[in-house]
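Raw query01.pdb, PDB, C-alpha atoms:
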MODEL        1
ATOM      1  CA  MET N 278     -74.084 193.023  45.531
ATOM      2  CA  VAL N 279     -73.951 189.477  46.917
ATOM      3  CA  GLU N 280     -72.846 190.842  50.288
ATOM      4  CA  SER N 281     -76.240 192.490  50.778
ATOM      5  CA  ILE N 282     -78.069 189.130  51.009
ATOM      6  CA  HIS N 283     -76.455 187.551  54.012
ATOM      7  CA  GLY N 284     -77.164 185.839  57.242
ATOM      8  CA  SER N 285     -80.122 183.676  56.372
ATOM      9  CA  LEU N 286     -81.346 181.303  53.714
ATOM     10  CA  ALA N 287     -84.889 181.981  54.841
ATOM     11  CA  VAL N 288     -85.266 184.782  52.313
ATOM     12  CA  LEU N 289     -85.328 182.040  49.654
ATOM     13  CA  GLY N 290     -88.395 180.633  51.405
ATOM     14  CA  ILE N 291     -90.207 183.934  50.994
ATOM     15  CA  GLY N 292     -89.666 183.812  47.244
ATOM     16  CA  LEU N 293     -90.840 180.203  47.006
ATOM     17  CA  ALA N 294     -94.005 181.004  48.983
ATOM     18  CA  VAL N 295     -94.761 183.859  46.612
ATOM     19  CA  LEU N 296     -94.195 181.494  43.673
ATOM     20  CA  GLY N 297     -96.768 179.069  45.065
ATOM     21  CA  ALA N 298     -99.252 181.870  45.687
ATOM     22  CA  GLY N 299     -98.909 183.197  42.157
ATOM     23  CA  TYR N 300     -99.415 179.781  40.576
ATOM     24  CA  GLY N 301    -102.396 178.971  42.799
ATOM     25  CA  VAL N 302    -104.262 182.222  42.334
ATOM     26  CA  GLY N 303    -103.520 182.124  38.608
ATOM     27  CA  THR N 304    -105.089 178.670  38.346
ATOM     28  CA  ILE N 305    -108.157 179.872  40.228
ATOM     29  CA  GLY N 306    -108.467 182.842  37.905
ATOM     30  CA  ALA N 307    -108.137 180.640  34.837
ATOM     31  CA  ALA N 308    -110.847 178.258  36.066
ATOM     32  CA  ALA N 309    -113.124 181.202  36.832
ATOM     33  CA  LEU N 310    -112.586 182.613  33.349
ATOM     34  CA  HIS N 311    -113.408 179.248  31.772
ATOM     35  CA  GLY N 312    -116.632 179.117  33.768
ATOM     36  CA  ILE N 313    -117.660 182.636  32.831
ATOM     37  CA  ALA N 314    -116.859 182.004  29.173
ATOM     38  CA  ARG N 315    -119.098 178.956  29.148
ATOM     39  CA  GLN N 316    -122.004 180.651  30.896
ATOM     40  CA  PRO N 317    -121.905 184.441  31.138
ATOM     41  CA  GLU N 318    -125.089 184.594  33.254
ATOM     42  CA  ALA N 319    -123.285 182.926  36.165
ATOM     43  CA  TYR N 320    -120.773 185.761  36.475
ATOM     44  CA  ASN N 321    -121.794 186.876  39.980
ATOM     45  CA  LYS N 322    -121.783 183.411  41.510
ATOM     46  CA  ILE N 323    -118.468 182.487  39.942
ATOM     47  CA  GLN N 324    -116.890 185.748  41.060
ATOM     48  CA  THR N 325    -117.966 185.168  44.682
ATOM     49  CA  VAL N 326    -116.548 181.655  44.784
ATOM     50  CA  MET N 327    -113.353 182.763  43.044
ATOM     51  CA  LEU N 328    -112.695 185.484  45.615
ATOM     52  CA  ILE N 329    -113.250 183.140  48.545
ATOM     53  CA  MET N 330    -110.926 180.495  47.080
ATOM     54  CA  ALA N 331    -108.250 183.068  46.292
ATOM     55  CA  THR N 332    -108.337 184.289  49.887
ATOM     56  CA  LEU N 333    -107.853 180.773  51.205
ATOM     57  CA  VAL N 334    -104.929 180.060  48.881
ATOM     58  CA  GLU N 335    -103.301 183.375  49.756
ATOM     59  CA  GLY N 336    -103.712 182.496  53.432
ATOM     60  CA  VAL N 337    -101.533 179.448  52.932
ATOM     61  CA  ALA N 338     -98.877 181.458  51.105
ATOM     62  CA  LEU N 339     -98.891 184.064  53.837
ATOM     63  CA  PHE N 340     -98.232 181.326  56.443
ATOM     64  CA  GLY N 341     -95.031 180.589  54.619
ATOM     65  CA  ILE N 342     -94.054 184.229  54.342
ATOM     66  CA  VAL N 343     -94.722 184.924  58.023
ATOM     67  CA  MET N 344     -92.699 181.891  59.106
ATOM     68  CA  CYS N 345     -89.809 182.884  56.844
ATOM     69  CA  VAL N 346     -89.842 186.467  58.095
ATOM     70  CA  ILE N 347     -89.620 185.159  61.660
ATOM     71  CA  PHE N 348     -86.601 183.054  60.737
ATOM     72  CA  VAL N 349     -84.945 185.940  58.927
ATOM     73  CA  LYS N 350     -85.260 188.173  61.959
ATOM     74  CA  SER N 351     -83.965 185.650  64.502
TER      75      SER N 351
ATOM     76  CA  MET W 115     -80.551 211.914  51.283
ATOM     77  CA  SER W 116     -80.742 211.180  55.033
ATOM     78  CA  THR W 117     -77.599 209.185  55.651
ATOM     79  CA  SER W 118     -78.631 207.342  58.779
ATOM     80  CA  PHE W 119     -82.052 206.050  57.777
ATOM     81  CA  ASP W 120     -82.626 202.522  59.069
ATOM     82  CA  LEU W 121     -85.395 200.943  57.002
ATOM     83  CA  GLU W 122     -85.844 198.006  59.324
ATOM     84  CA  LYS W 123     -86.262 200.194  62.382
ATOM     85  CA  TYR W 124     -88.683 202.445  60.495
ATOM     86  CA  ILE W 125     -90.896 199.535  59.462
ATOM     87  CA  LEU W 126     -90.759 197.898  62.894
ATOM     88  CA  ALA W 127     -91.625 201.168  64.643
ATOM     89  CA  HIS W 128     -94.736 201.544  62.513
ATOM     90  CA  ALA W 129     -95.899 197.934  62.556
ATOM     91  CA  GLN W 130     -95.284 197.055  66.190
ATOM     92  CA  ASP W 131     -97.016 197.887  69.418
ATOM     93  CA  SER W 132     -95.644 200.695  71.574
ATOM     94  CA  GLN W 133     -96.541 202.924  74.465
ATOM     95  CA  GLU W 134     -96.572 206.209  72.540
ATOM     96  CA  TRP W 135     -98.648 207.465  69.681
ATOM     97  CA  HIS W 136     -96.720 209.652  67.266
ATOM     98  CA  LEU W 137     -98.805 212.282  65.536
ATOM     99  CA  PRO W 138     -97.331 215.045  63.378
ATOM    100  CA  PHE W 139     -97.095 218.505  64.929
ATOM    101  CA  PHE W 140     -97.761 217.101  68.410
ATOM    102  CA  ASN W 141     -95.594 215.585  71.084
ATOM    103  CA  PRO W 142     -95.911 211.789  71.158
ATOM    104  CA  ILE W 143     -98.975 210.913  73.210
ATOM    105  CA  GLN W 144     -97.897 208.781  76.143
ATOM    106  CA  LEU W 145    -100.371 206.020  76.786
ATOM    107  CA  PRO W 146    -100.941 204.766  80.359
ATOM    108  CA  ALA W 147     -99.122 201.672  81.468
ATOM    109  CA  PHE W 148    -102.030 199.238  81.274
ATOM    110  CA  LEU W 149    -102.819 200.260  77.700
ATOM    111  CA  SER W 150    -100.667 200.020  74.646
ATOM    112  CA  LEU W 151    -101.220 201.490  71.217
ATOM    113  CA  HIS W 152    -103.061 198.486  69.803
ATOM    114  CA  GLY W 153    -105.019 198.186  73.047
ATOM    115  CA  ALA W 154    -106.156 201.771  72.601
ATOM    116  CA  MET W 155    -107.260 200.865  69.070
ATOM    117  CA  LEU W 156    -109.246 197.931  70.428
ATOM    118  CA  ILE W 157    -111.045 200.191  72.878
ATOM    119  CA  LEU W 158    -111.640 202.788  70.173
ATOM    120  CA  GLY W 159    -113.076 200.106  67.872
ATOM    121  CA  ALA W 160    -115.389 198.845  70.595
ATOM    122  CA  PHE W 161    -116.468 202.423  71.359
ATOM    123  CA  ILE W 162    -117.259 203.079  67.696
ATOM    124  CA  LEU W 163    -119.291 199.869  67.505
ATOM    125  CA  ILE W 164    -121.254 200.800  70.624
ATOM    126  CA  VAL W 165    -121.978 204.275  69.283
ATOM    127  CA  VAL W 166    -123.021 202.960  65.871
ATOM    128  CA  PHE W 167    -125.194 200.097  67.008
ATOM    129  CA  CYS W 168    -126.728 201.576  70.138
ATOM    130  CA  PHE W 169    -127.245 205.167  69.115
ATOM    131  CA  LEU W 170    -127.127 205.437  65.352
ATOM    132  CA  TYR W 171    -129.141 202.314  64.626
ATOM    133  CA  ASN W 172    -132.736 203.463  64.695
ATOM    134  CA  LYS W 173    -134.854 200.629  66.067
ATOM    135  CA  LYS W 174    -138.102 202.561  66.011
ATOM    136  CA  GLN W 175    -138.388 202.648  62.237
ATOM    137  CA  ARG W 176    -140.805 200.074  60.910
ATOM    138  CA  VAL W 177    -139.205 200.144  57.493
ATOM    139  CA  PRO W 178    -135.481 200.752  57.845
ATOM    140  CA  ARG W 179    -134.028 203.657  55.907
ATOM    141  CA  ARG W 180    -130.569 205.042  55.225
ATOM    142  CA  PHE W 181    -127.904 204.030  57.729
ATOM    143  CA  THR W 182    -130.072 201.502  59.555
ATOM    144  CA  ASN W 183    -130.811 199.915  56.205
ATOM    145  CA  LEU W 184    -127.101 199.614  55.433
ATOM    146  CA  LEU W 185    -126.450 197.829  58.683
ATOM    147  CA  GLU W 186    -129.548 195.671  58.220
ATOM    148  CA  VAL W 187    -128.333 194.481  54.830
ATOM    149  CA  LEU W 188    -125.071 193.296  56.349
ATOM    150  CA  ILE W 189    -126.680 191.730  59.401
ATOM    151  CA  ILE W 190    -129.283 189.860  57.372
ATOM    152  CA  TYR W 191    -126.564 188.624  55.040
ATOM    153  CA  ILE W 192    -124.593 187.327  58.010
ATOM    154  CA  ARG W 193    -127.670 185.668  59.472
ATOM    155  CA  ASP W 194    -128.922 184.016  56.288
ATOM    156  CA  GLU W 195    -125.837 183.191  54.271
ATOM    157  CA  ILE W 196    -123.245 182.625  56.975
ATOM    158  CA  ALA W 197    -124.920 181.530  60.198
ATOM    159  CA  VAL W 198    -128.092 179.690  59.162
ATOM    160  CA  LYS W 199    -126.523 178.052  56.113
ATOM    161  CA  ASN W 200    -123.744 176.453  58.178
ATOM    162  CA  LEU W 201    -125.416 175.906  61.517
ATOM    163  CA  GLY W 202    -129.060 175.185  60.743
ATOM    164  CA  GLU W 203    -132.117 177.263  61.587
ATOM    165  CA  GLU W 204    -132.174 177.443  65.368
ATOM    166  CA  ASP W 205    -128.459 177.275  66.078
ATOM    167  CA  GLY W 206    -127.819 179.764  63.305
ATOM    168  CA  ARG W 207    -130.211 182.282  64.759
ATOM    169  CA  ARG W 208    -128.778 181.803  68.236
ATOM    170  CA  MET W 209    -125.189 182.238  67.083
ATOM    171  CA  THR W 210    -125.807 185.203  64.779
ATOM    172  CA  PRO W 211    -124.866 187.785  67.446
ATOM    173  CA  TYR W 212    -121.441 186.164  67.786
ATOM    174  CA  PHE W 213    -120.788 186.247  64.057
ATOM    175  CA  CYS W 214    -122.077 189.802  63.753
ATOM    176  CA  THR W 215    -119.762 190.868  66.560
ATOM    177  CA  LEU W 216    -116.823 189.129  64.939
ATOM    178  CA  PHE W 217    -117.511 190.624  61.520
ATOM    179  CA  PHE W 218    -118.112 194.209  62.597
ATOM    180  CA  PHE W 219    -115.305 194.263  65.141
ATOM    181  CA  ILE W 220    -112.723 192.952  62.679
ATOM    182  CA  LEU W 221    -114.064 195.269  59.982
ATOM    183  CA  THR W 222    -113.833 198.299  62.274
ATOM    184  CA  LEU W 223    -110.273 197.470  63.349
ATOM    185  CA  ASN W 224    -109.179 196.901  59.752
ATOM    186  CA  LEU W 225    -110.746 200.138  58.539
ATOM    187  CA  LEU W 226    -109.200 202.122  61.393
ATOM    188  CA  GLY W 227    -105.840 200.867  60.196
ATOM    189  CA  VAL W 228    -106.413 202.215  56.693
ATOM    190  CA  ILE W 229    -106.661 205.762  58.078
ATOM    191  CA  PRO W 230    -103.139 207.220  57.734
ATOM    192  CA  LEU W 231    -102.086 207.953  61.299
ATOM    193  CA  PHE W 232    -103.853 205.101  63.058
ATOM    194  CA  PRO W 233    -102.167 201.773  63.821
ATOM    195  CA  THR W 234    -103.829 198.504  62.869
ATOM    196  CA  ALA W 235    -104.772 196.362  65.820
ATOM    197  CA  THR W 236    -105.414 193.301  63.671
ATOM    198  CA  ALA W 237    -101.826 193.469  62.436
ATOM    199  CA  ASN W 238    -100.878 192.309  65.922
ATOM    200  CA  PRO W 239    -100.832 188.506  66.139
ATOM    201  CA  ASN W 240    -101.996 188.651  69.755
ATOM    202  CA  VAL W 241    -105.259 190.341  68.792
ATOM    203  CA  THR W 242    -106.055 187.847  66.040
ATOM    204  CA  ALA W 243    -105.022 184.992  68.338
ATOM    205  CA  ALA W 244    -107.590 186.167  70.876
ATOM    206  CA  LEU W 245    -110.303 186.246  68.205
ATOM    207  CA  ALA W 246    -109.321 182.810  66.908
ATOM    208  CA  PHE W 247    -109.273 181.547  70.503
ATOM    209  CA  LEU W 248    -112.920 182.631  70.835
ATOM    210  CA  THR W 249    -113.796 180.524  67.804
ATOM    211  CA  TRP W 250    -111.764 177.638  69.219
ATOM    212  CA  CYS W 251    -113.729 177.884  72.465
ATOM    213  CA  PHE W 252    -116.983 177.651  70.550
ATOM    214  CA  MET W 253    -115.676 174.751  68.499
ATOM    215  CA  VAL W 254    -114.434 172.652  71.421
ATOM    216  CA  LEU W 255    -116.246 173.756  74.573
ATOM    217  CA  GLY W 256    -119.464 174.635  72.788
ATOM    218  CA  SER W 257    -119.706 171.305  71.058
ATOM    219  CA  LEU W 258    -118.812 169.484  74.301
ATOM    220  CA  TYR W 259    -121.627 171.344  76.028
ATOM    221  CA  LYS W 260    -124.088 170.792  73.187
ATOM    222  CA  ASN W 261    -123.426 167.211  72.180
ATOM    223  CA  GLY W 262    -121.720 165.836  75.280
ATOM    224  CA  LEU W 263    -118.531 163.825  75.330
ATOM    225  CA  LYS W 264    -119.967 161.086  73.098
ATOM    226  CA  GLY W 265    -121.157 163.609  70.575
ATOM    227  CA  PHE W 266    -117.755 165.283  70.543
ATOM    228  CA  ARG W 267    -116.131 161.952  69.784
ATOM    229  CA  ASP W 268    -118.648 161.286  67.028
ATOM    230  CA  ALA W 269    -117.871 164.649  65.486
ATOM    231  CA  LEU W 270    -114.207 163.733  65.186
ATOM    232  CA  ILE W 271    -114.477 160.074  64.302
ATOM    233  CA  PRO W 272    -117.077 158.828  61.831
ATOM    234  CA  SER W 273    -118.674 155.489  62.556
ATOM    235  CA  GLY W 274    -117.862 152.374  60.625
ATOM    236  CA  VAL W 275    -114.170 153.038  60.245
ATOM    237  CA  PRO W 276    -111.678 150.123  60.357
ATOM    238  CA  ILE W 277    -109.245 150.144  63.277
ATOM    239  CA  PRO W 278    -105.974 150.722  61.352
ATOM    240  CA  VAL W 279    -107.404 153.872  59.795
ATOM    241  CA  LEU W 280    -108.347 155.141  63.252
ATOM    242  CA  PHE W 281    -104.695 155.296  64.269
ATOM    243  CA  VAL W 282    -104.117 157.825  61.510
ATOM    244  CA  LEU W 283    -107.480 159.586  61.659
ATOM    245  CA  VAL W 284    -107.725 160.489  65.353
ATOM    246  CA  PRO W 285    -104.460 162.458  65.622
ATOM    247  CA  ILE W 286    -105.193 164.210  62.353
ATOM    248  CA  GLU W 287    -108.649 165.242  63.506
ATOM    249  CA  ILE W 288    -107.449 166.486  66.890
ATOM    250  CA  PHE W 289    -104.548 168.278  65.288
ATOM    251  CA  GLY W 290    -106.971 169.664  62.730
ATOM    252  CA  ILE W 291    -108.955 171.580  65.327
ATOM    253  CA  PHE W 292    -105.873 173.469  66.426
ATOM    254  CA  VAL W 293    -104.651 173.964  62.885
ATOM    255  CA  LYS W 294    -107.970 175.447  61.786
ATOM    256  CA  SER W 295    -107.915 178.039  64.579
ATOM    257  CA  CYS W 296    -104.267 178.878  63.954
ATOM    258  CA  ALA W 297    -105.045 179.233  60.268
ATOM    259  CA  LEU W 298    -107.760 181.782  61.057
ATOM    260  CA  MET W 299    -105.328 183.721  63.214
ATOM    261  CA  ILE W 300    -102.414 183.750  60.787
ATOM    262  CA  ARG W 301    -104.542 184.522  57.733
ATOM    263  CA  LEU W 302    -105.974 187.702  59.220
ATOM    264  CA  PHE W 303    -102.717 188.813  60.847
ATOM    265  CA  ALA W 304    -100.559 188.206  57.786
ATOM    266  CA  ASN W 305    -102.958 189.876  55.362
ATOM    267  CA  MET W 306    -103.195 193.029  57.451
ATOM    268  CA  LEU W 307     -99.474 193.186  58.213
ATOM    269  CA  ALA W 308     -98.467 192.562  54.599
ATOM    270  CA  GLY W 309    -100.534 195.469  53.314
ATOM    271  CA  HIS W 310     -98.982 197.882  55.761
ATOM    272  CA  MET W 311     -95.447 196.639  55.235
ATOM    273  CA  VAL W 312     -95.652 197.129  51.483
ATOM    274  CA  ILE W 313     -96.834 200.715  51.923
ATOM    275  CA  LEU W 314     -94.083 201.390  54.465
ATOM    276  CA  CYS W 315     -91.487 199.928  52.108
ATOM    277  CA  MET W 316     -92.695 202.187  49.305
ATOM    278  CA  ILE W 317     -92.385 205.226  51.541
ATOM    279  CA  GLY W 318     -89.009 204.004  52.720
ATOM    280  CA  LEU W 319     -87.901 203.815  49.082
ATOM    281  CA  VAL W 320     -88.621 207.495  48.672
ATOM    282  CA  ILE W 321     -86.689 208.350  51.818
ATOM    283  CA  LEU W 322     -83.729 206.221  50.779
ATOM    284  CA  MET W 323     -83.451 207.261  47.152
ATOM    285  CA  GLY W 324     -84.770 210.782  47.081
ATOM    286  CA  TRP W 325     -87.060 212.407  44.576
ATOM    287  CA  VAL W 326     -86.420 209.873  41.796
ATOM    288  CA  ALA W 327     -88.516 207.312  43.688
ATOM    289  CA  LEU W 328     -91.634 209.503  43.824
ATOM    290  CA  PRO W 329     -93.658 207.406  41.282
ATOM    291  CA  SER W 330     -93.580 204.623  43.882
ATOM    292  CA  MET W 331     -96.136 206.703  45.777
ATOM    293  CA  LEU W 332     -98.607 205.815  43.030
ATOM    294  CA  VAL W 333     -97.948 202.171  43.838
ATOM    295  CA  ALA W 334     -98.544 203.009  47.513
ATOM    296  CA  VAL W 335    -101.908 204.569  46.640
ATOM    297  CA  GLY W 336    -102.874 201.492  44.615
ATOM    298  CA  ILE W 337    -101.891 199.200  47.455
ATOM    299  CA  SER W 338    -103.945 201.326  49.859
ATOM    300  CA  LEU W 339    -107.009 200.784  47.685
ATOM    301  CA  MET W 340    -106.352 197.068  47.621
ATOM    302  CA  GLU W 341    -105.931 197.182  51.390
ATOM    303  CA  LEU W 342    -109.423 198.648  51.689
ATOM    304  CA  PHE W 343    -110.793 195.732  49.690
ATOM    305  CA  VAL W 344    -108.759 193.229  51.705
ATOM    306  CA  ALA W 345    -110.112 194.745  54.956
ATOM    307  CA  PHE W 346    -113.687 193.843  53.994
ATOM    308  CA  LEU W 347    -112.733 190.515  52.472
ATOM    309  CA  GLN W 348    -110.686 189.315  55.452
ATOM    310  CA  ALA W 349    -113.436 190.218  57.923
ATOM    311  CA  TYR W 350    -115.917 188.275  55.781
ATOM    312  CA  ILE W 351    -113.593 185.278  55.408
ATOM    313  CA  PHE W 352    -112.872 185.121  59.150
ATOM    314  CA  THR W 353    -116.588 185.115  59.940
ATOM    315  CA  LEU W 354    -117.435 182.618  57.195
ATOM    316  CA  LEU W 355    -114.735 180.149  58.168
ATOM    317  CA  SER W 356    -115.640 180.484  61.870
ATOM    318  CA  ALA W 357    -119.206 179.553  60.976
ATOM    319  CA  VAL W 358    -118.077 176.626  58.798
ATOM    320  CA  PHE W 359    -115.779 175.192  61.485
ATOM    321  CA  ILE W 360    -118.297 175.642  64.286
ATOM    322  CA  GLY W 361    -120.958 174.034  62.105
ATOM    323  CA  GLN W 362    -118.678 171.069  61.441
ATOM    324  CA  MET W 363    -118.321 170.483  65.190
ATOM    325  CA  TYR W 364    -121.932 171.163  66.177
ATOM    326  CA  HIS W 365    -123.638 169.195  63.411
ATOM    327  CA  PRO W 366    -121.272 166.542  62.146
ATOM    328  CA  ASN W 367    -122.696 164.884  59.099
ATOM    329  CA  HIS W 368    -120.053 162.297  58.436
TER     330      HIS W 368
ENDMDL
END

Could you rewrite the structure in this file as structure tokens?
Amino acid sequence: MVESIHGSLAVLGIGLAVLGAGYGVGTIGAAALHGIARQPEAYNKIQTVMLIMATLVEGVALFGIVMCVIFVKS
Amino acid sequence: MSTSFDLEKYILAHAQDSQEWHLPFFNPIQLPAFLSLHGAMLILGAFILIVVFCFLYNKKQRVPRRFTNLLEVLIIYIRDEIAVKNLGEEDGRRMTPYFCTLFFFILTLNLLGVIPLFPTATANPNVTAALAFLTWCFMVLGSLYKNGLKGFRDALIPSGVPIPVLFVLVPIEIFGIFVKSCALMIRLFANMLAGHMVILCMIGLVILMGWVALPSMLVAVGISLMELFVAFLQAYIFTLLSAVFIGQMYHPNH
């Protein structure tokens, strides 16, 4: 099965980028849950901010994935 | 099942630009030489926007109802929460048409891509680069025009900064303008492309492994729903960040 991953170490970069994305979005979710637990009336505001932050963090992770996919192909 | 199925070629054929449009039960539609598939999607998106906003948007109603009301809700949200909040009263109102165009154009292109047989124009980095270039033009040329050369320098470099820090700060700020625009481009492009590639991989799984992989179509349906959500969210984020960056250059409050 090792022969099927060949030619480029860039595929490791894709996995690391996904790792960073998972940790980042998880932290954002945890902070949002803490905020909602403290003050349930602020649910809408916290949800809006959480979604915007998650999009920005995922943007960074997708940079990494796009760069790695380019290096895998070439 | 099919012995000579090349997954990479399948995904590339569906995600990349080409001169033909493959529909089932028809011959591939050959597009003229000056137009490619994603270019045709751009023109279709612009046509839909013109039809919706010129003909379906009823200006004669004093109190907007139904479809006009739906569009009004979005436009007023863009004006109040995105443009005026980041650019101030008068600049915000003047720049609202640009942000409305950006939002509705990107939204239309994203939603056209969710329809099964249509390609996604925003999954092409050239399209998103053009949109990010527009924002870059507003950031650099617009602020040069508005504030002059001195004002542009004041936007990048706050006053009262010791000289050694300037050596580090100036390159970072100049580099930052380009990085912000590139970030806008790559965020939109990568989000749209990733959604489509996952769905294509799920379908490719079924072709490679046969009927045992059919439950992966449920995953494909779930990812399609998430793609719908991401379409709206990415259009909103592009517009919001454009407004934030342009506001930082027009009204620096260092």

When you look at Thr242 in chain W with a cut-off of 8 Å (counting all atoms listed in the file), what residues show up, excluding the ones that are within fewer than 2 positions of it in the same chain? I need them as a PDB file with C-alpha atoms, in the frame of the given file.
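Once everything was written out, this is selection_19.pdb:
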ATOM      1  CA  THR W 236    -105.414 193.301  63.671  1.00  0.00           C
ATOM      2  CA  ALA W 237    -101.826 193.469  62.436  1.00  0.00           C
ATOM      3  CA  ASN W 238    -100.878 192.309  65.922  1.00  0.00           C
ATOM      4  CA  PRO W 239    -100.832 188.506  66.139  1.00  0.00           C
ATOM      5  CA  ASN W 240    -101.996 188.651  69.755  1.00  0.00           C
ATOM      6  CA  ALA W 244    -107.590 186.167  70.876  1.00  0.00           C
ATOM      7  CA  LEU W 245    -110.303 186.246  68.205  1.00  0.00           C
ATOM      8  CA  ALA W 246    -109.321 182.810  66.908  1.00  0.00           C
ATOM      9  CA  MET W 299    -105.328 183.721  63.214  1.00  0.00           C
ATOM     10  CA  ILE W 300    -102.414 183.750  60.787  1.00  0.00           C
ATOM     11  CA  LEU W 302    -105.974 187.702  59.220  1.00  0.00           C
ATOM     12  CA  PHE W 303    -102.717 188.813  60.847  1.00  0.00           C
TER      13      PHE W 303
END

Using only C-alpha atoms, I'd like a table of the residues in range 297-328 of chain N that come within 12 Å of range 339-358 of chain W; for each, show the closest atom pair and its distance in Å rounded to one decimal, ordered by chain and ascending number, as a tab-separated table.
residue	atom	partner	partner_atom	distance
N:Thr325	CA	W:Leu347	CA	10.8
N:Val326	CA	W:Ile351	CA	11.6
N:Leu328	CA	W:Leu347	CA	8.5

Can you spell out as a PyMOL selection string the set of residues that the PyMOL selection byres ((chain W and resi 367) around 9) selects in the structure I just provided?
chain W and resi 269+272+362+365-366+368

Figure out the distance between CA of Leu339 in chain N and CA of Met209 in chain W, please, to one decimal in Å.
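Distance between the two atoms: 29.5 Å.
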
Give me the result of the PyMOL selection byres ((chain W and resi 158) around 12) on this file, residue by residue, as number ranges by chain.
W: 149, 151-157, 159-165, 219, 222-223, 225-227, 232-235

Would you translate the PyMOL selection byres ((chain N) within 10 of (chain W)) into the concrete set of residues it matches in this file, as a count of residues only?
15

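Atom pair CA of Ala287 in chain N / CA of Phe348 in chain N has a distance of 6.2 Å (rounded to one decimal).
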
Work out how far apart CA of Ala331 in chain N and CA of Gly306 in chain N are and give it in Å to one decimal.
8.4 Å

Name all residues at most 10 Å from Leu188 in chain W (count all atoms listed in the file; drop same-chain ones fewer than 6 positions away) and give them as number ranges by chain.
W: 214, 217-218

Please determine, counting all atoms listed in the file, which residue among N:Ser351, N:Ala309, N:Gln324, N:Cys345 has the shortest atom-to-atom distance to Gly292 in chain N.
N:Cys345

Return the single residue from W:Val241, W:Cys168, W:Cys315, W:Ile271 that is closest to Ile288 in chain W, with distances computed using all atoms listed in the file.
W:Ile271

Spatial neighbours of Lys350 in chain N, max dist 12 Å, only C-alpha atoms, sep filter under 2 positions, as a ChimeraX atom specification:
/N:283-288,343-348 /W:122,126

Quick one: residues within 12 Å of Gly312 in chain N, all atoms listed in the file counted, chain neighbours fewer than 5 positions away excluded, as a list in words?
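The residues that qualify are Ile305, Gly306, Ala307, Pro317, Glu318, Ala319, Tyr320, Asn321, Lys322, Ile323, Gln324, Val326 and Met327 of chain N.
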